[in-house]
Amino acid sequence: MVRPMSQASTRALGAEALRLVEDEHRGANWKRWGPYLAERQWGTVREDYSARGENWTDFPHAHARSRAYRWGEDGLLGITDRQGRLCFSVALWNERDSILKERLFGLTGPQGNHGEDVKEEYFYLDSTPTHSYMKALYKYPQAAFPYERLVAENQHRGRLAPEFELIDTGLFSERRYFDVFAEYAKAATDDLLIRLTVVNRGPKSARIHVLPTLWFRNTWAWGREGEGYWPRPHLAAHGEDAVRATQASLGAYRLHAQAPAGGPRPERLFTDNETNFQRLYGIPNRSRHVKDAFHDAVVDGRREALNPAQEGTKAAFHYVLEVPAGGSVELALRLVSEAQAPAEPFGASFPQTFARRLAEADEFYASRLPTALDEEERRVARQACAGLLWTKQFYHYAVKAWQEGDPAHPSPPPERLRGRNRDWSHLYNRDILSVPDKWEYPWYAAWDTAFHMVPFARLDPLFAKEQLLLFLREWFMHPNGQIPAYEFEFSDVNPPVHAWACWRVYKLTGAHGKRDRLFLARAFQKLLLNFTWWVNRKDVDGLNLFSGGFLGLDNIGVFDRSKPLPTGGHLHQADGTAWMAFFCTTMLSMALELAQEDPAYEDIASKFFEHFVAIVDAMNHLGGTGLWDEEDGFYYDELKQEGQPALPLRVRSMVGLVPLFAAEVLEDRVLERLPGFARRLRWFLENRADLAQNTSYMAVCQRTGLGGRRLLAIPSRARLERVLRRVLDPREFLSDHGIRSLSRMHAEQPFVFHAGREEHRVAYVPGDSDSGMFGGNSNWRGPVWFPLNFLLIEALERYHHFYGDDFQVECPTGSGKWMSLVEVARELSSRLSRLFLPDASGHRPCHGGDPRYVEDPAFRELVLFHEYFHGDTGRGLGASHQTGWTALVLQCLARRQQSP
């Protein structure tokens, strides 16, 4: 996919765009360093060596400062190289905390009343795709951090109560906190300028200890050799102001630290990134100097914990700052390879480089964001991009080695070989990945990644394409064709949206006729395997009605669809079946595109067309009306039990809206260039009238100047109108902030189902989950979720492309206001965008009425991009930094600006 680029084609590029080209063509390794450091490595599956897969308790937060990680590292506002070898982050102490603040704190799944939850205030402010400029903010209270109180209060609360947050403790009253800004600017590929700015927002002078920390990930203590395992590296004092770092594969680097204005040079501290076995397990340490030595020295005053020889594998500069009320202190550091080291690390070029890189970032976003955005919209878009780019992470997980354990450590319990991810021993991940949230979900989730790549395509097309292909490579994809779902259970089933993402990225990253067909072909070939896996594994009865299982929509169904049903039998899922129809139409579109240059793809295009028709026929007509309920005008899951008639489960949820997504328009002008496919299409229509005659999906639309079109869709026009009446009804799905995941009518009319003596109930829950069905804090029983809202918006645009302005619906239902479907799509985009835009009083709905975001200038322009949003108020819920799929707001902002 790497093609040479002429000098003429690069002259018009801005500096950041040029860096992307240089990196793509391997002229300069601009992406070697980035925000690839996890925010939470403790409590992950990768670090769990327990018998029963109890990851939260096997490696808790209390162990994090003392125990060397096996598979990664974490830190605060930090960076690392693309292989996670050398890491840099910031540690803090306010002289009141019980521990040195080296990483973000949060509740484990069992501790939180709504599952796992980070309990910190931090924000991603800026980044370019090559990370030539980055900025982030951490808000550090000046009082003791309330670790115990946060745990106790949340454990005391039930699921019907809201989460107890850091703001609820009163720590931010009178603005008694520090703003700690971390900025990075690259002077060259391996020359990183670092500026830390500590601002005292409080009314009195306050002291803070700042420890910029450099360390090596422990790759040497496991008794293994080969790729990814290097001999012990070395850090040592160098000159008066630096630490020298040497590592076998990375070479030699220096971290320089400048004295603050008017202050002394910081002290250099050294230890080793080795486990403190004595503290954790009461057995002798293998190393004299251990990972938590800086905590012992700074917080507990135990200087003997440090290495007096000033060497090791972990080092820090210790600044003690007295910051006046309302004042700030700036610290300058520089991490640079010796090959690129300047003669003077902190000369006049230091601030000039920051100013230049920030100006180049402004230039880049001026070219990539819609020009019509106003100031607030542009601010939201820029922070969404920052969150998307900061949430890239070095992710290392080799399942076979993890299952076996390491030669230099005790063997894991044998139960592990029969436990989690036991069928994925081929999986070997050691890559930079876009993760959903680097604290709450510091691992990839396949369907999340698919959505991430759509906004990523606007910023870094190559990364978007490479990331999608990575999940299809043989060290990710299972030999049977399944794409790994997520770290907690790779064998679980996420919606099959990967093909859609590949198709969208293909179209977004090049003008027609100049797109990357090699990328499309590579993706298509592997997606064939994935499609076959779905057909063979999830069509239980062979009737083209699918039982996908979990499918990502936590808590939306009557039952946990990943487990055997309490009634026996199985489900025919409206969403599972519709996802497969969506998969078919996407693969059909890809095949038709590739067939423009290679007729061999016409045959496989015919296969996907015919499979789509079979699925649609089953969904609309099997047994009479398939999964369509004529009385309600909606699609429902169906319970199928041996010897009994199928029973529809009448829950009006997003499950019944997924059938709208599978809509594709075939242009006659395209078909005319594909005689083999067109001939097969005609034969099918003439000879399979049993399928074609009962549906309207093959209606031909003739419009002046536009030629012929054929619509492939699940609902007929009449059924589409009926479903949209519910979708656009404020009493059901339409909220001020998008489409709810469950109809609001279930607040008054919960769905109740009895299986034996058990009652199963689905009621409208617009906010945090009141169910522990999936253990976490996700909830699809009412809130607004970006990914499926976005797919609905795109589907409406495709329907409009076929039906045109003549197809009008009432929006909102009952309002007397009629819109075309493209206008409805724009209206929904606007509602989703308004989640993050201030209203007339200055409140952004996503902040849930928190007065700080209106009254405190240091909060006013900050935006959080949550996992999902309250179905009535728009308040952000779930993971607070799930900018990945919530970064789809970029696409929504662009759509709301488009004229009809």
# chains A, B, ... in the order shown; residues from 1 in each chain; ligands from 1
>>> select_by_dssp(residues="region 31-227 of chain A", states="alpha helix (DSSP H)", output="VMD selection string")
chain A and resid 55 to 58 61 to 64 147 to 156
>>> residues_around(residues="Arg896 (chain A)", least_positions_apart="4", cutoff="9 Å", atoms="only C-alpha atoms", output="list in words")
Ala825, Arg826, Glu827, Leu828, Ser829, Ser830, Ser833, Gln891 and Cys892 of chain A
>>> write_last_selection(atoms="C-alpha atoms", output="compact mmCIF listing (two decimals), in the first residue's frame")
# COMPACT_ATOMS: atom_id res chain seq x y z
CA ALA A 825 -30.38 12.41 9.07
CA ARG A 826 -29.18 15.97 9.44
CA GLU A 827 -31.57 16.57 12.34
CA LEU A 828 -30.29 13.52 14.19
CA SER A 829 -26.69 14.63 13.53
CA SER A 830 -27.51 18.01 15.01
CA SER A 833 -23.70 17.26 18.19
CA GLN A 891 -19.01 13.21 11.18
CA CYS A 892 -22.16 14.58 12.83
>>> closest_residue(among="A:Phe802, A:Tyr138, A:Trp402, A:Tyr635", to="Phe859 (chain A)", atoms="only C-alpha atoms")
A:Tyr138
>>> residues_around(residues="region 115-118 of chain A", least_positions_apart="5", cutoff="12 Å", atoms="only C-alpha atoms", output="NGL selection string")
:A and (39-40 or 43-44 or 56 or 61 or 103-110 or 147 or 150-151 or 154-155 or 157-159 or 162-166 or 437-442 or 768-779 or 866-867 or 877-882)
>>> select_by_dssp(residues="region 182-319 of chain A", states="strand (DSSP E or B)", output="PyMOL selection string")
chain A and resi 182-188+191-200+206-216+226+229+234-238+242-247+251-257+267-271+311-312+314-319
>>> write_last_selection(atoms="C-alpha atoms", output="PDB file, in the first residue's frame")
ATOM      1  CA  ALA A 182       1.823  17.991  29.867  1.00  0.00           C
ATOM      2  CA  GLU A 183       2.873  19.170  26.401  1.00  0.00           C
ATOM      3  CA  TYR A 184       5.062  17.375  23.898  1.00  0.00           C
ATOM      4  CA  ALA A 185       6.617  18.722  20.701  1.00  0.00           C
ATOM      5  CA  LYS A 186       8.917  16.805  18.377  1.00  0.00           C
ATOM      6  CA  ALA A 187      11.924  18.685  17.038  1.00  0.00           C
ATOM      7  CA  ALA A 188      12.778  15.520  15.093  1.00  0.00           C
ATOM      8  CA  ASP A 191      13.813  14.414  19.784  1.00  0.00           C
ATOM      9  CA  LEU A 192      10.881  15.085  22.118  1.00  0.00           C
ATOM     10  CA  LEU A 193      10.552  18.410  23.910  1.00  0.00           C
ATOM     11  CA  ILE A 194       8.498  18.166  27.079  1.00  0.00           C
ATOM     12  CA  ARG A 195       6.882  21.074  28.908  1.00  0.00           C
ATOM     13  CA  LEU A 196       5.113  20.529  32.215  1.00  0.00           C
ATOM     14  CA  THR A 197       3.112  23.438  33.569  1.00  0.00           C
ATOM     15  CA  VAL A 198       1.739  23.314  37.102  1.00  0.00           C
ATOM     16  CA  VAL A 199      -0.983  25.866  37.861  1.00  0.00           C
ATOM     17  CA  ASN A 200      -2.296  26.469  41.385  1.00  0.00           C
ATOM     18  CA  ALA A 206       0.618  25.243  47.859  1.00  0.00           C
ATOM     19  CA  ARG A 207       3.497  22.800  47.548  1.00  0.00           C
ATOM     20  CA  ILE A 208       3.687  19.954  45.075  1.00  0.00           C
ATOM     21  CA  HIS A 209       6.325  17.343  44.265  1.00  0.00           C
ATOM     22  CA  VAL A 210       6.667  16.659  40.534  1.00  0.00           C
ATOM     23  CA  LEU A 211       8.633  13.613  39.392  1.00  0.00           C
ATOM     24  CA  PRO A 212       9.055  13.294  35.619  1.00  0.00           C
ATOM     25  CA  THR A 213       9.897   9.597  35.405  1.00  0.00           C
ATOM     26  CA  LEU A 214      11.754   7.543  32.805  1.00  0.00           C
ATOM     27  CA  TRP A 215      11.833   3.754  32.926  1.00  0.00           C
ATOM     28  CA  PHE A 216      12.173   0.616  30.861  1.00  0.00           C
ATOM     29  CA  GLY A 226      13.570 -13.991  21.216  1.00  0.00           C
ATOM     30  CA  TYR A 229      12.658  -9.974  25.034  1.00  0.00           C
ATOM     31  CA  HIS A 234      20.491   0.637  31.719  1.00  0.00           C
ATOM     32  CA  LEU A 235      19.746   4.103  33.064  1.00  0.00           C
ATOM     33  CA  ALA A 236      22.472   6.220  34.653  1.00  0.00           C
ATOM     34  CA  ALA A 237      23.202   9.820  35.623  1.00  0.00           C
ATOM     35  CA  HIS A 238      24.761  11.782  32.769  1.00  0.00           C
ATOM     36  CA  ALA A 242      20.499  14.313  32.354  1.00  0.00           C
ATOM     37  CA  VAL A 243      19.789  10.601  32.606  1.00  0.00           C
ATOM     38  CA  ARG A 244      21.265   8.385  29.905  1.00  0.00           C
ATOM     39  CA  ALA A 245      19.185   5.411  28.722  1.00  0.00           C
ATOM     40  CA  THR A 246      20.606   2.531  26.692  1.00  0.00           C
ATOM     41  CA  GLN A 247      18.708  -0.465  25.354  1.00  0.00           C
ATOM     42  CA  GLY A 251      19.936   2.578  21.208  1.00  0.00           C
ATOM     43  CA  ALA A 252      21.014   5.449  23.463  1.00  0.00           C
ATOM     44  CA  TYR A 253      18.775   8.301  24.639  1.00  0.00           C
ATOM     45  CA  ARG A 254      19.083  11.099  27.149  1.00  0.00           C
ATOM     46  CA  LEU A 255      16.440  12.754  29.288  1.00  0.00           C
ATOM     47  CA  HIS A 256      17.535  16.302  30.129  1.00  0.00           C
ATOM     48  CA  ALA A 257      15.792  18.300  32.867  1.00  0.00           C
ATOM     49  CA  GLU A 267      17.464  15.687  42.345  1.00  0.00           C
ATOM     50  CA  ARG A 268      17.913  12.525  40.285  1.00  0.00           C
ATOM     51  CA  LEU A 269      16.434   9.344  41.777  1.00  0.00           C
ATOM     52  CA  PHE A 270      17.218   5.791  40.623  1.00  0.00           C
ATOM     53  CA  THR A 271      15.868   2.304  41.229  1.00  0.00           C
ATOM     54  CA  GLU A 311      21.793   3.818  37.994  1.00  0.00           C
ATOM     55  CA  GLY A 312      19.071   1.255  37.351  1.00  0.00           C
ATOM     56  CA  LYS A 314      13.816   3.434  36.506  1.00  0.00           C
ATOM     57  CA  ALA A 315      14.767   7.066  37.126  1.00  0.00           C
ATOM     58  CA  ALA A 316      13.078  10.343  38.020  1.00  0.00           C
ATOM     59  CA  PHE A 317      13.876  14.016  38.478  1.00  0.00           C
ATOM     60  CA  HIS A 318      12.458  15.191  41.802  1.00  0.00           C
ATOM     61  CA  TYR A 319      11.154  18.778  41.785  1.00  0.00           C
TER      62      TYR A 319
END
>>> residues_around(residues="Leu472 (chain A)", least_positions_apart="2", cutoff="12 Å", atoms="only C-alpha atoms", output="ChimeraX atom specification")
/A:427,446,450,465-470,474-484,498-499,502,519,522-530
>>> residues_around(residues="region 559-565 of chain A", least_positions_apart="2", cutoff="9 Å", atoms="only C-alpha atoms", output="list in words")
Asp492, Val493, Ser547, Gly548, Gly549, Phe550, Leu551, Asp554, Asn555, Ile556, Gly557, Thr567, Gly568, Gly569, His570, Leu571, His760, Met773 and Phe774 of chain A
>>> residues_around(residues="Ile739 (chain A)", least_positions_apart="6", cutoff="12 Å", atoms="only C-alpha atoms", output="short mmCIF file (atom, residue, chain, number, x, y, z; two decimals) with N, CA and C atoms, in the first residue's frame")
data_model
loop_
_atom_site.label_atom_id
_atom_site.label_comp_id
_atom_site.auth_asym_id
_atom_site.auth_seq_id
_atom_site.Cartn_x
_atom_site.Cartn_y
_atom_site.Cartn_z
N SER A 653 -36.73 -2.05 20.94
CA SER A 653 -35.38 -1.60 21.26
C SER A 653 -34.60 -1.39 19.98
N MET A 654 -33.35 -0.98 20.15
CA MET A 654 -32.46 -0.80 19.01
C MET A 654 -32.30 -2.08 18.20
N LEU A 657 -34.25 -1.83 15.20
CA LEU A 657 -33.86 -0.78 14.26
C LEU A 657 -32.70 -1.22 13.37
N LEU A 724 -40.16 4.20 11.22
CA LEU A 724 -39.68 5.56 11.45
C LEU A 724 -40.66 6.38 12.28
N ARG A 726 -42.10 5.35 14.87
CA ARG A 726 -41.69 5.07 16.26
C ARG A 726 -40.32 5.68 16.55
N VAL A 727 -39.41 5.57 15.60
CA VAL A 727 -38.05 6.11 15.79
C VAL A 727 -38.10 7.59 16.08
N LEU A 728 -38.96 8.31 15.40
CA LEU A 728 -38.99 9.78 15.49
C LEU A 728 -40.04 10.29 16.47
N ASP A 729 -40.57 9.39 17.28
CA ASP A 729 -41.57 9.77 18.29
C ASP A 729 -40.87 10.06 19.61
N PRO A 730 -40.98 11.29 20.15
CA PRO A 730 -40.34 11.60 21.44
C PRO A 730 -40.84 10.72 22.58
N ARG A 731 -42.02 10.15 22.44
CA ARG A 731 -42.54 9.25 23.47
C ARG A 731 -41.90 7.88 23.38
N GLU A 732 -41.16 7.65 22.29
CA GLU A 732 -40.50 6.36 22.11
C GLU A 732 -38.98 6.53 21.99
N PHE A 733 -38.46 6.63 20.77
CA PHE A 733 -37.00 6.59 20.59
C PHE A 733 -36.34 7.97 20.50
N PRO A 766 -32.93 5.17 31.47
CA PRO A 766 -32.22 6.12 30.61
C PRO A 766 -30.78 6.38 30.99
N TRP A 780 -27.84 -0.53 27.61
CA TRP A 780 -28.52 -0.26 26.33
C TRP A 780 -30.03 -0.25 26.53
N ARG A 781 -30.49 -0.02 27.75
CA ARG A 781 -31.93 -0.01 28.01
C ARG A 781 -32.46 1.42 28.10
N GLY A 782 -31.98 2.27 27.22
CA GLY A 782 -32.53 3.63 27.20
C GLY A 782 -31.58 4.72 26.78
N PRO A 783 -30.31 4.67 27.15
CA PRO A 783 -29.41 5.76 26.79
C PRO A 783 -29.15 5.87 25.29
N VAL A 784 -28.53 6.98 24.92
CA VAL A 784 -28.15 7.24 23.53
C VAL A 784 -26.71 6.76 23.33
N TRP A 785 -26.50 5.95 22.31
CA TRP A 785 -25.18 5.45 21.95
C TRP A 785 -24.82 5.96 20.56
N PHE A 786 -23.61 6.43 20.39
CA PHE A 786 -23.20 6.99 19.11
C PHE A 786 -23.14 5.98 17.96
N PRO A 787 -22.58 4.77 18.16
CA PRO A 787 -22.33 3.92 16.99
C PRO A 787 -23.58 3.58 16.20
N LEU A 788 -24.65 3.13 16.88
CA LEU A 788 -25.83 2.74 16.14
C LEU A 788 -26.62 3.95 15.66
N ASN A 789 -26.56 5.05 16.38
CA ASN A 789 -27.13 6.29 15.86
C ASN A 789 -26.49 6.65 14.52
N PHE A 790 -25.17 6.48 14.46
CA PHE A 790 -24.46 6.86 13.24
C PHE A 790 -24.82 5.94 12.08
N LEU A 791 -24.95 4.64 12.35
CA LEU A 791 -25.35 3.72 11.28
C LEU A 791 -26.76 4.03 10.79
N LEU A 792 -27.63 4.45 11.69
CA LEU A 792 -28.98 4.83 11.28
C LEU A 792 -28.94 6.07 10.40
N ILE A 793 -28.14 7.05 10.78
CA ILE A 793 -28.01 8.27 9.98
C ILE A 793 -27.53 7.93 8.56
N PRO A 812 -40.46 15.85 14.56
CA PRO A 812 -40.83 14.66 15.33
C PRO A 812 -42.25 14.18 15.01
N VAL A 824 -33.92 14.35 7.94
CA VAL A 824 -33.98 13.64 9.22
C VAL A 824 -32.58 13.26 9.68
N ALA A 825 -31.76 12.78 8.73
CA ALA A 825 -30.38 12.41 9.07
C ALA A 825 -29.63 13.62 9.61
N GLU A 827 -30.99 16.23 11.05
CA GLU A 827 -31.57 16.57 12.34
C GLU A 827 -31.00 15.70 13.45
N LEU A 828 -30.87 14.41 13.19
CA LEU A 828 -30.29 13.52 14.19
C LEU A 828 -28.82 13.87 14.43
N SER A 829 -28.09 14.21 13.37
CA SER A 829 -26.69 14.63 13.53
C SER A 829 -26.59 15.87 14.41
N SER A 830 -27.52 16.79 14.22
CA SER A 830 -27.51 18.01 15.01
C SER A 830 -27.80 17.72 16.47
N ARG A 831 -28.76 16.84 16.73
CA ARG A 831 -29.08 16.50 18.13
C ARG A 831 -27.90 15.83 18.82
N LEU A 832 -27.21 14.93 18.12
CA LEU A 832 -26.03 14.29 18.71
C LEU A 832 -24.93 15.32 18.96
N TYR A 868 -21.62 6.55 26.55
CA TYR A 868 -23.01 6.72 26.12
C TYR A 868 -23.62 7.87 26.92
N PHE A 869 -24.91 8.20 26.66
CA PHE A 869 -25.48 9.42 27.19
C PHE A 869 -26.92 9.20 27.65
N HIS A 870 -27.27 9.86 28.75
CA HIS A 870 -28.58 9.71 29.37
C HIS A 870 -29.67 9.97 28.34
N GLY A 871 -30.65 9.06 28.28
CA GLY A 871 -31.67 9.14 27.25
C GLY A 871 -32.60 10.32 27.37
N ASP A 872 -32.65 10.97 28.54
CA ASP A 872 -33.52 12.14 28.72
C ASP A 872 -32.74 13.44 28.85
N GLY A 874 -29.12 13.75 28.44
CA GLY A 874 -27.88 13.83 27.66
C GLY A 874 -26.62 13.76 28.49
#
>>> atom_distance(atom1="CA of Phe836 (chain A)", atom2="CA of Ile167 (chain A)")
19.9 Å
>>> closest_residue(among="A:Ala309, A:Asp241, A:Ala221, A:Lys392", to="Gly78 (chain A)", atoms="only C-alpha atoms")
A:Lys392
>>> atom_distance(atom1="CA of Arg798 (chain A)", atom2="CA of Asp460 (chain A)")
25.8 Å
>>> atom_distance(atom1="CA of Asn285 (chain A)", atom2="CA of Glu95 (chain A)")
28.1 Å
>>> residues_around(residues="Phe807 (chain A)", least_positions_apart="5", cutoff="9 Å", atoms="only C-alpha atoms", output="list in words")
Arg717, His800, Met819, Ser820 and Leu821 of chain A
>>> write_last_selection(atoms="N, CA and C atoms", output="compact mmCIF listing (two decimals), in the first residue's frame")
# COMPACT_ATOMS: atom_id res chain seq x y z
N ARG A 717 -41.12 0.07 1.61
CA ARG A 717 -41.35 1.49 1.90
C ARG A 717 -42.39 1.65 3.00
N HIS A 800 -32.66 7.93 1.21
CA HIS A 800 -32.97 9.16 0.50
C HIS A 800 -32.38 9.14 -0.91
N MET A 819 -40.24 16.08 6.86
CA MET A 819 -38.85 16.16 6.37
C MET A 819 -38.57 15.03 5.40
N SER A 820 -37.65 15.28 4.50
CA SER A 820 -37.09 14.19 3.71
C SER A 820 -36.15 13.39 4.60
N LEU A 821 -35.77 12.22 4.14
CA LEU A 821 -34.92 11.37 4.98
C LEU A 821 -33.54 11.95 5.18
>>> closest_residue(among="A:Thr813, A:Thr219, A:Thr189, A:Thr130", to="Phe364 (chain A)", atoms="only C-alpha atoms")
A:Thr130
>>> closest_residue(among="A:Val535, A:Val290, A:Leu417, A:Ala15", to="Ala359 (chain A)", atoms="only C-alpha atoms")
A:Ala15
>>> closest_residue(among="A:His396, A:His295, A:Arg473, A:Arg515", to="Ser66 (chain A)", atoms="only C-alpha atoms")
A:His295
>>> closest_residue(among="A:Phe451, A:Phe59, A:Trp30, A:Phe346", to="Trp42 (chain A)", atoms="only C-alpha atoms")
A:Phe59
